Every structure is written in structure tokens, then in C-alpha cells.
file final05.cif (mmCIF, N, CA, C and O atoms)
data_coords
loop_
_atom_site.label_atom_id
_atom_site.label_comp_id
_atom_site.auth_asym_id
_atom_site.auth_seq_id
_atom_site.Cartn_x
_atom_site.Cartn_y
_atom_site.Cartn_z
N MET A 1 12.64 1.23 1.78
CA MET A 1 11.86 0.78 2.92
C MET A 1 11.17 -0.53 2.54
O MET A 1 10.59 -0.65 1.48
N LYS A 2 11.28 -1.48 3.41
CA LYS A 2 10.64 -2.77 3.19
C LYS A 2 9.30 -2.78 3.94
O LYS A 2 9.26 -2.52 5.14
N ILE A 3 8.22 -3.02 3.20
CA ILE A 3 6.88 -3.09 3.79
C ILE A 3 6.32 -4.47 3.50
O ILE A 3 6.32 -4.90 2.35
N ASP A 4 5.85 -5.12 4.54
CA ASP A 4 5.23 -6.43 4.37
C ASP A 4 3.73 -6.25 4.18
O ASP A 4 2.98 -6.15 5.15
N PHE A 5 3.31 -6.16 2.93
CA PHE A 5 1.90 -5.95 2.62
C PHE A 5 1.06 -7.20 2.89
O PHE A 5 -0.15 -7.15 2.81
N THR A 6 1.72 -8.31 3.22
CA THR A 6 0.97 -9.53 3.56
C THR A 6 0.53 -9.52 5.02
O THR A 6 -0.24 -10.38 5.44
N LYS A 7 1.03 -8.55 5.79
CA LYS A 7 0.70 -8.47 7.21
C LYS A 7 0.38 -7.03 7.60
O LYS A 7 0.98 -6.46 8.50
N LEU A 8 -0.59 -6.44 6.91
CA LEU A 8 -0.97 -5.06 7.17
C LEU A 8 -1.99 -5.01 8.29
O LEU A 8 -3.02 -5.68 8.24
N LYS A 9 -1.69 -4.21 9.32
CA LYS A 9 -2.58 -4.09 10.47
C LYS A 9 -3.60 -2.99 10.19
O LYS A 9 -3.25 -1.85 9.91
N ILE A 10 -4.89 -3.37 10.25
CA ILE A 10 -5.97 -2.40 10.07
C ILE A 10 -6.76 -2.32 11.36
O ILE A 10 -6.76 -3.24 12.17
N LYS A 11 -7.43 -1.18 11.54
CA LYS A 11 -8.21 -0.99 12.76
C LYS A 11 -9.48 -0.22 12.39
O LYS A 11 -9.43 0.76 11.66
N ASP A 12 -10.63 -0.70 12.91
CA ASP A 12 -11.87 0.03 12.67
C ASP A 12 -12.04 1.11 13.72
O ASP A 12 -11.21 1.26 14.62
N LEU A 13 -13.10 1.90 13.61
CA LEU A 13 -13.32 3.01 14.53
C LEU A 13 -13.53 2.56 15.97
O LEU A 13 -13.30 3.33 16.91
N LYS A 14 -13.95 1.33 16.16
CA LYS A 14 -14.14 0.80 17.51
C LYS A 14 -12.83 0.31 18.12
O LYS A 14 -12.80 -0.09 19.27
N GLY A 15 -11.78 0.31 17.33
CA GLY A 15 -10.48 -0.13 17.82
C GLY A 15 -10.19 -1.59 17.58
O GLY A 15 -9.15 -2.10 18.01
N ASN A 16 -11.08 -2.30 16.89
CA ASN A 16 -10.86 -3.70 16.58
C ASN A 16 -9.75 -3.80 15.53
O ASN A 16 -9.85 -3.21 14.46
N GLU A 17 -8.71 -4.56 15.85
CA GLU A 17 -7.58 -4.72 14.94
C GLU A 17 -7.62 -6.06 14.23
O GLU A 17 -8.11 -7.05 14.78
N GLN A 18 -7.08 -6.03 13.04
CA GLN A 18 -6.99 -7.22 12.21
C GLN A 18 -5.71 -7.12 11.39
O GLN A 18 -5.30 -6.02 11.01
N VAL A 19 -5.09 -8.23 11.11
CA VAL A 19 -3.95 -8.26 10.21
C VAL A 19 -4.42 -8.92 8.93
O VAL A 19 -4.97 -10.03 8.96
N ILE A 20 -4.23 -8.20 7.81
CA ILE A 20 -4.72 -8.71 6.53
C ILE A 20 -3.60 -8.72 5.49
O ILE A 20 -2.62 -8.00 5.63
N ASP A 21 -3.80 -9.52 4.48
CA ASP A 21 -2.88 -9.60 3.35
C ASP A 21 -3.47 -8.80 2.19
O ASP A 21 -4.50 -9.19 1.64
N VAL A 22 -2.84 -7.68 1.86
CA VAL A 22 -3.34 -6.83 0.77
C VAL A 22 -2.37 -6.80 -0.40
O VAL A 22 -2.61 -6.08 -1.37
N LYS A 23 -1.28 -7.56 -0.32
CA LYS A 23 -0.22 -7.46 -1.32
C LYS A 23 -0.73 -7.64 -2.74
O LYS A 23 -0.58 -6.75 -3.58
N ASP A 24 -1.33 -8.78 -3.03
CA ASP A 24 -1.77 -9.05 -4.40
C ASP A 24 -2.88 -8.11 -4.84
O ASP A 24 -2.85 -7.59 -5.96
N GLU A 25 -3.84 -7.88 -3.96
CA GLU A 25 -4.97 -7.03 -4.31
C GLU A 25 -4.53 -5.58 -4.56
O GLU A 25 -4.94 -4.95 -5.54
N LEU A 26 -3.69 -5.05 -3.68
CA LEU A 26 -3.23 -3.67 -3.84
C LEU A 26 -2.36 -3.53 -5.08
O LEU A 26 -2.54 -2.59 -5.87
N ALA A 27 -1.42 -4.44 -5.27
CA ALA A 27 -0.55 -4.39 -6.44
C ALA A 27 -1.37 -4.45 -7.73
O ALA A 27 -1.15 -3.68 -8.66
N ASN A 28 -2.34 -5.35 -7.76
CA ASN A 28 -3.16 -5.50 -8.96
C ASN A 28 -4.05 -4.27 -9.17
O ASN A 28 -4.23 -3.81 -10.30
N GLN A 29 -4.59 -3.72 -8.09
CA GLN A 29 -5.44 -2.54 -8.20
C GLN A 29 -4.64 -1.36 -8.77
O GLN A 29 -5.13 -0.65 -9.64
N ILE A 30 -3.43 -1.17 -8.28
CA ILE A 30 -2.58 -0.09 -8.80
C ILE A 30 -2.23 -0.36 -10.26
O ILE A 30 -2.27 0.54 -11.10
N TYR A 31 -1.91 -1.61 -10.58
CA TYR A 31 -1.54 -1.97 -11.95
C TYR A 31 -2.69 -1.76 -12.93
O TYR A 31 -2.49 -1.28 -14.04
N VAL A 32 -3.90 -2.07 -12.49
CA VAL A 32 -5.07 -1.97 -13.37
C VAL A 32 -5.59 -0.54 -13.48
O VAL A 32 -5.94 -0.08 -14.56
N SER A 33 -5.64 0.18 -12.34
CA SER A 33 -6.29 1.49 -12.37
C SER A 33 -5.33 2.66 -12.22
O SER A 33 -5.73 3.81 -12.33
N GLY A 34 -4.06 2.38 -11.95
CA GLY A 34 -3.08 3.45 -11.78
C GLY A 34 -2.78 4.15 -13.09
O GLY A 34 -3.19 3.70 -14.17
N ARG A 35 -2.08 5.25 -12.97
CA ARG A 35 -1.72 6.04 -14.15
C ARG A 35 -0.23 6.35 -14.10
O ARG A 35 0.30 6.76 -13.07
N GLY A 36 0.44 6.18 -15.21
CA GLY A 36 1.83 6.58 -15.33
C GLY A 36 2.82 5.50 -14.93
O GLY A 36 2.48 4.50 -14.32
N ILE A 37 4.06 5.78 -15.29
CA ILE A 37 5.13 4.81 -15.07
C ILE A 37 5.46 4.64 -13.58
O ILE A 37 5.81 3.55 -13.15
N ALA A 38 5.30 5.70 -12.80
CA ALA A 38 5.60 5.60 -11.37
C ALA A 38 4.65 4.61 -10.69
O ALA A 38 5.07 3.80 -9.86
N GLN A 39 3.37 4.66 -11.05
CA GLN A 39 2.42 3.71 -10.46
C GLN A 39 2.62 2.32 -11.03
O GLN A 39 2.43 1.32 -10.32
N HIS A 40 3.03 2.22 -12.27
CA HIS A 40 3.37 0.92 -12.86
C HIS A 40 4.51 0.28 -12.07
O HIS A 40 4.43 -0.88 -11.66
N ASP A 41 5.57 1.07 -11.84
CA ASP A 41 6.72 0.57 -11.08
C ASP A 41 6.33 0.19 -9.65
O ASP A 41 6.79 -0.82 -9.13
N LEU A 42 5.49 1.02 -9.02
CA LEU A 42 5.04 0.75 -7.66
C LEU A 42 4.29 -0.58 -7.59
O LEU A 42 4.53 -1.39 -6.69
N ALA A 43 3.38 -0.81 -8.52
CA ALA A 43 2.62 -2.06 -8.54
C ALA A 43 3.55 -3.27 -8.61
O ALA A 43 3.38 -4.24 -7.86
N LEU A 44 4.54 -3.19 -9.46
CA LEU A 44 5.48 -4.30 -9.60
C LEU A 44 6.34 -4.48 -8.35
O LEU A 44 6.61 -5.61 -7.93
N LYS A 45 6.75 -3.38 -7.74
CA LYS A 45 7.55 -3.48 -6.51
C LYS A 45 6.75 -4.11 -5.39
O LYS A 45 7.27 -4.93 -4.64
N ILE A 46 5.49 -3.73 -5.25
CA ILE A 46 4.66 -4.32 -4.21
C ILE A 46 4.45 -5.80 -4.49
O ILE A 46 4.62 -6.64 -3.61
N TYR A 47 4.11 -6.13 -5.72
CA TYR A 47 3.84 -7.52 -6.07
C TYR A 47 5.08 -8.40 -5.88
O TYR A 47 4.98 -9.53 -5.39
N ASN A 48 6.24 -7.88 -6.25
CA ASN A 48 7.49 -8.65 -6.14
C ASN A 48 8.17 -8.51 -4.79
O ASN A 48 9.28 -9.00 -4.60
N GLU A 49 7.50 -7.81 -3.86
CA GLU A 49 7.99 -7.63 -2.49
C GLU A 49 9.37 -6.99 -2.44
O GLU A 49 10.24 -7.39 -1.67
N GLU A 50 9.55 -5.96 -3.27
CA GLU A 50 10.82 -5.22 -3.31
C GLU A 50 10.78 -4.05 -2.34
O GLU A 50 9.71 -3.58 -1.95
N ASP A 51 11.96 -3.57 -1.97
CA ASP A 51 12.05 -2.36 -1.15
C ASP A 51 11.46 -1.18 -1.92
O ASP A 51 11.61 -1.09 -3.14
N LEU A 52 10.82 -0.27 -1.19
CA LEU A 52 10.27 0.93 -1.80
C LEU A 52 11.19 2.10 -1.50
O LEU A 52 11.48 2.40 -0.34
N ASP A 53 11.69 2.75 -2.56
CA ASP A 53 12.53 3.93 -2.38
C ASP A 53 11.63 5.14 -2.09
O ASP A 53 10.41 5.03 -2.04
N ASP A 54 12.24 6.30 -1.89
CA ASP A 54 11.48 7.50 -1.53
C ASP A 54 10.43 7.85 -2.59
O ASP A 54 9.32 8.25 -2.26
N LYS A 55 10.79 7.70 -3.86
CA LYS A 55 9.85 8.00 -4.94
C LYS A 55 8.65 7.06 -4.88
O LYS A 55 7.50 7.48 -5.04
N ALA A 56 8.90 5.79 -4.64
CA ALA A 56 7.81 4.81 -4.56
C ALA A 56 6.92 5.09 -3.34
O ALA A 56 5.70 4.94 -3.43
N ILE A 57 7.52 5.51 -2.24
CA ILE A 57 6.74 5.85 -1.04
C ILE A 57 5.82 7.03 -1.33
O ILE A 57 4.65 7.02 -0.96
N GLU A 58 6.34 8.05 -2.00
CA GLU A 58 5.51 9.21 -2.35
C GLU A 58 4.39 8.82 -3.31
O GLU A 58 3.26 9.30 -3.19
N THR A 59 4.69 7.94 -4.24
CA THR A 59 3.68 7.46 -5.18
C THR A 59 2.62 6.66 -4.44
O THR A 59 1.42 6.80 -4.71
N LEU A 60 3.04 5.84 -3.48
CA LEU A 60 2.11 5.06 -2.67
C LEU A 60 1.20 5.98 -1.87
O LEU A 60 -0.01 5.77 -1.82
N LYS A 61 1.77 7.00 -1.23
CA LYS A 61 0.97 7.96 -0.46
C LYS A 61 -0.09 8.60 -1.34
O LYS A 61 -1.24 8.73 -0.93
N ALA A 62 0.31 9.02 -2.53
CA ALA A 62 -0.64 9.67 -3.45
C ALA A 62 -1.75 8.70 -3.86
O ALA A 62 -2.92 9.08 -3.89
N TYR A 63 -1.39 7.47 -4.15
CA TYR A 63 -2.40 6.49 -4.57
C TYR A 63 -3.35 6.15 -3.44
O TYR A 63 -4.57 6.14 -3.60
N VAL A 64 -2.79 5.89 -2.27
CA VAL A 64 -3.59 5.47 -1.12
C VAL A 64 -4.54 6.58 -0.67
O VAL A 64 -5.60 6.31 -0.11
N SER A 65 -4.20 7.83 -0.95
CA SER A 65 -5.06 8.94 -0.53
C SER A 65 -6.44 8.87 -1.16
O SER A 65 -7.37 9.54 -0.69
N ASN A 66 -6.61 8.05 -2.18
CA ASN A 66 -7.90 7.88 -2.84
C ASN A 66 -8.62 6.61 -2.41
O ASN A 66 -9.66 6.27 -2.96
N LEU A 67 -8.06 5.90 -1.43
CA LEU A 67 -8.68 4.67 -0.94
C LEU A 67 -9.49 4.96 0.31
O LEU A 67 -9.65 6.11 0.71
N SER A 68 -9.97 3.93 0.96
CA SER A 68 -10.80 4.10 2.16
C SER A 68 -9.97 4.70 3.30
O SER A 68 -8.75 4.51 3.35
N PRO A 69 -10.63 5.42 4.21
CA PRO A 69 -9.92 5.97 5.35
C PRO A 69 -9.16 4.90 6.15
O PRO A 69 -8.07 5.15 6.65
N MET A 70 -9.72 3.70 6.25
CA MET A 70 -9.06 2.62 6.96
C MET A 70 -7.72 2.27 6.31
O MET A 70 -6.71 2.08 6.99
N MET A 71 -7.70 2.24 4.98
CA MET A 71 -6.46 1.93 4.27
C MET A 71 -5.48 3.10 4.36
O MET A 71 -4.27 2.89 4.48
N ILE A 72 -5.99 4.32 4.30
CA ILE A 72 -5.12 5.50 4.45
C ILE A 72 -4.39 5.42 5.78
O ILE A 72 -3.18 5.61 5.86
N ASP A 73 -5.14 5.14 6.86
CA ASP A 73 -4.52 5.04 8.18
C ASP A 73 -3.57 3.86 8.29
O ASP A 73 -2.49 3.99 8.85
N ALA A 74 -3.95 2.72 7.76
CA ALA A 74 -3.11 1.52 7.85
C ALA A 74 -1.78 1.72 7.14
O ALA A 74 -0.71 1.43 7.71
N ILE A 75 -1.81 2.24 5.92
CA ILE A 75 -0.57 2.50 5.19
C ILE A 75 0.21 3.63 5.85
O ILE A 75 1.42 3.57 5.99
N GLY A 76 -0.51 4.67 6.27
CA GLY A 76 0.14 5.80 6.93
C GLY A 76 0.87 5.39 8.19
O GLY A 76 1.95 5.89 8.49
N ASN A 77 0.32 4.45 8.94
CA ASN A 77 0.99 3.96 10.14
C ASN A 77 2.27 3.21 9.83
O ASN A 77 3.19 3.18 10.64
N VAL A 78 2.34 2.61 8.65
CA VAL A 78 3.55 1.87 8.26
C VAL A 78 4.61 2.79 7.71
O VAL A 78 5.79 2.68 8.05
N ILE A 79 4.22 3.73 6.85
CA ILE A 79 5.22 4.58 6.19
C ILE A 79 5.44 5.91 6.90
O ILE A 79 6.35 6.64 6.54
N GLY A 80 4.60 6.20 7.86
CA GLY A 80 4.73 7.48 8.56
C GLY A 80 3.86 8.52 7.88
O GLY A 80 3.78 8.59 6.66
N LYS A 81 3.19 9.30 8.67
CA LYS A 81 2.30 10.34 8.14
C LYS A 81 3.07 11.63 8.05
O LYS A 81 3.34 12.26 9.05
N LYS A 82 3.44 12.01 6.85
CA LYS A 82 4.19 13.24 6.64
C LYS A 82 3.41 14.18 5.77
O LYS A 82 2.74 13.83 4.88
#
call {"tool": "encode", "arguments": {"input": "final05.cif", "output": "C-alpha cells"}}
result
Amino acid sequence: MKIDFTKLKIKDLKGNEQVIDVKDELANQIYVSGRGIAQHDLALKIYNEEDLDDKAIETLKAYVSNLSPMMIDAIGNVIGKK
């Protein structure tokens, strides 16, 4: 799955939408604070704008679940909430 992290749509509780670039920040955050080889690989895939396979998507879901509710919803809207 190809995700453009440079154009992530976020929305606050009032419904105000914004498109933001989280690619470098998210990749670096995962690289610095993530754990294990799966998160290492995910950080590099996001930074290098590579397609995310099913394993990377599951790793992303797990990582994002510890971020702000706004980011959980924004990423969930892109990858699907399963």
C-alpha cells in the first residue's frame, strides 16, 4: 500500500480539516523511539516513501495506537480501521 505521509489529512473535533506533512517527523519518531526490527523497517519505508506491505501496515497500526487520537484517526482513515 502506498501512503503519502506528506499529505495526511487531519481533523479536529470541530471538523476543521488540515493537510499536513508528517513523513519525516513520523519516520524519525519511529526510528528513535520504536522497538524491534519491524519498527526499524517501518521507519525506513516511511522515510524512503516505499510501499507498505501487510506486515508494515500492522506495525504502523500498533505504533500509531500510542499516538494522539487525532493521529490514530488520520492514519486509520488512510489504512482502514480493522
call {"tool": "resolve_selection", "arguments": {"input": "final05.cif", "expression": "the PyMOL selection byres ((chain A and resi 69-80) around 7)", "output": "VMD selection string"}}
result
chain A and resid 2 8 to 12 64 to 65 67 to 68 81 to 82
call {"tool": "resolve_selection", "arguments": {"input": "final05.cif", "expression": "the PyMOL selection byres (((chain A and resi 51-57 and name CA) around 9) and name CA)", "output": "list in words"}}
result
Met1, Lys2, Ile3, Ala38, Gln39, Asp41, Leu42, Lys45, Ile46, Glu49, Glu50, Glu58, Thr59, Leu60, Lys61, Ala62 and Ile79 of chain A
call {"tool": "select_by_dssp", "arguments": {"input": "final05.cif", "residues": "chain A", "states": "strand (DSSP E)", "output": "VMD selection string"}}
result
chain A and resid 8 to 11 17 to 20
call {"tool": "atom_distance", "arguments": {"input": "final05.cif", "atom1": "atom N of A:Lys23", "atom2": "atom N of A:Arg35"}}
result
18.0 Å
call {"tool": "resolve_selection", "arguments": {"input": "final05.cif", "expression": "the PyMOL selection byres ((chain A and resi 7) around 6)", "output": "PyMOL selection string"}}
result
chain A and resi 4-6+8-9+19-22
call {"tool": "select_by_dssp", "arguments": {"input": "final05.cif", "residues": "chain A", "states": "helix (DSSP H, G or I)", "output": "PyMOL selection string"}}
result
chain A and resi 5-7+23-33+36-47+54-64+69-79
call {"tool": "atom_distance", "arguments": {"input": "final05.cif", "atom1": "atom CA of A:Glu17", "atom2": "atom CA of A:Asn66"}}
result
21.8 Å
call {"tool": "atom_distance", "arguments": {"input": "final05.cif", "atom1": "atom CA of A:Gly36", "atom2": "atom CA of A:Asp24"}}
result
19.4 Å
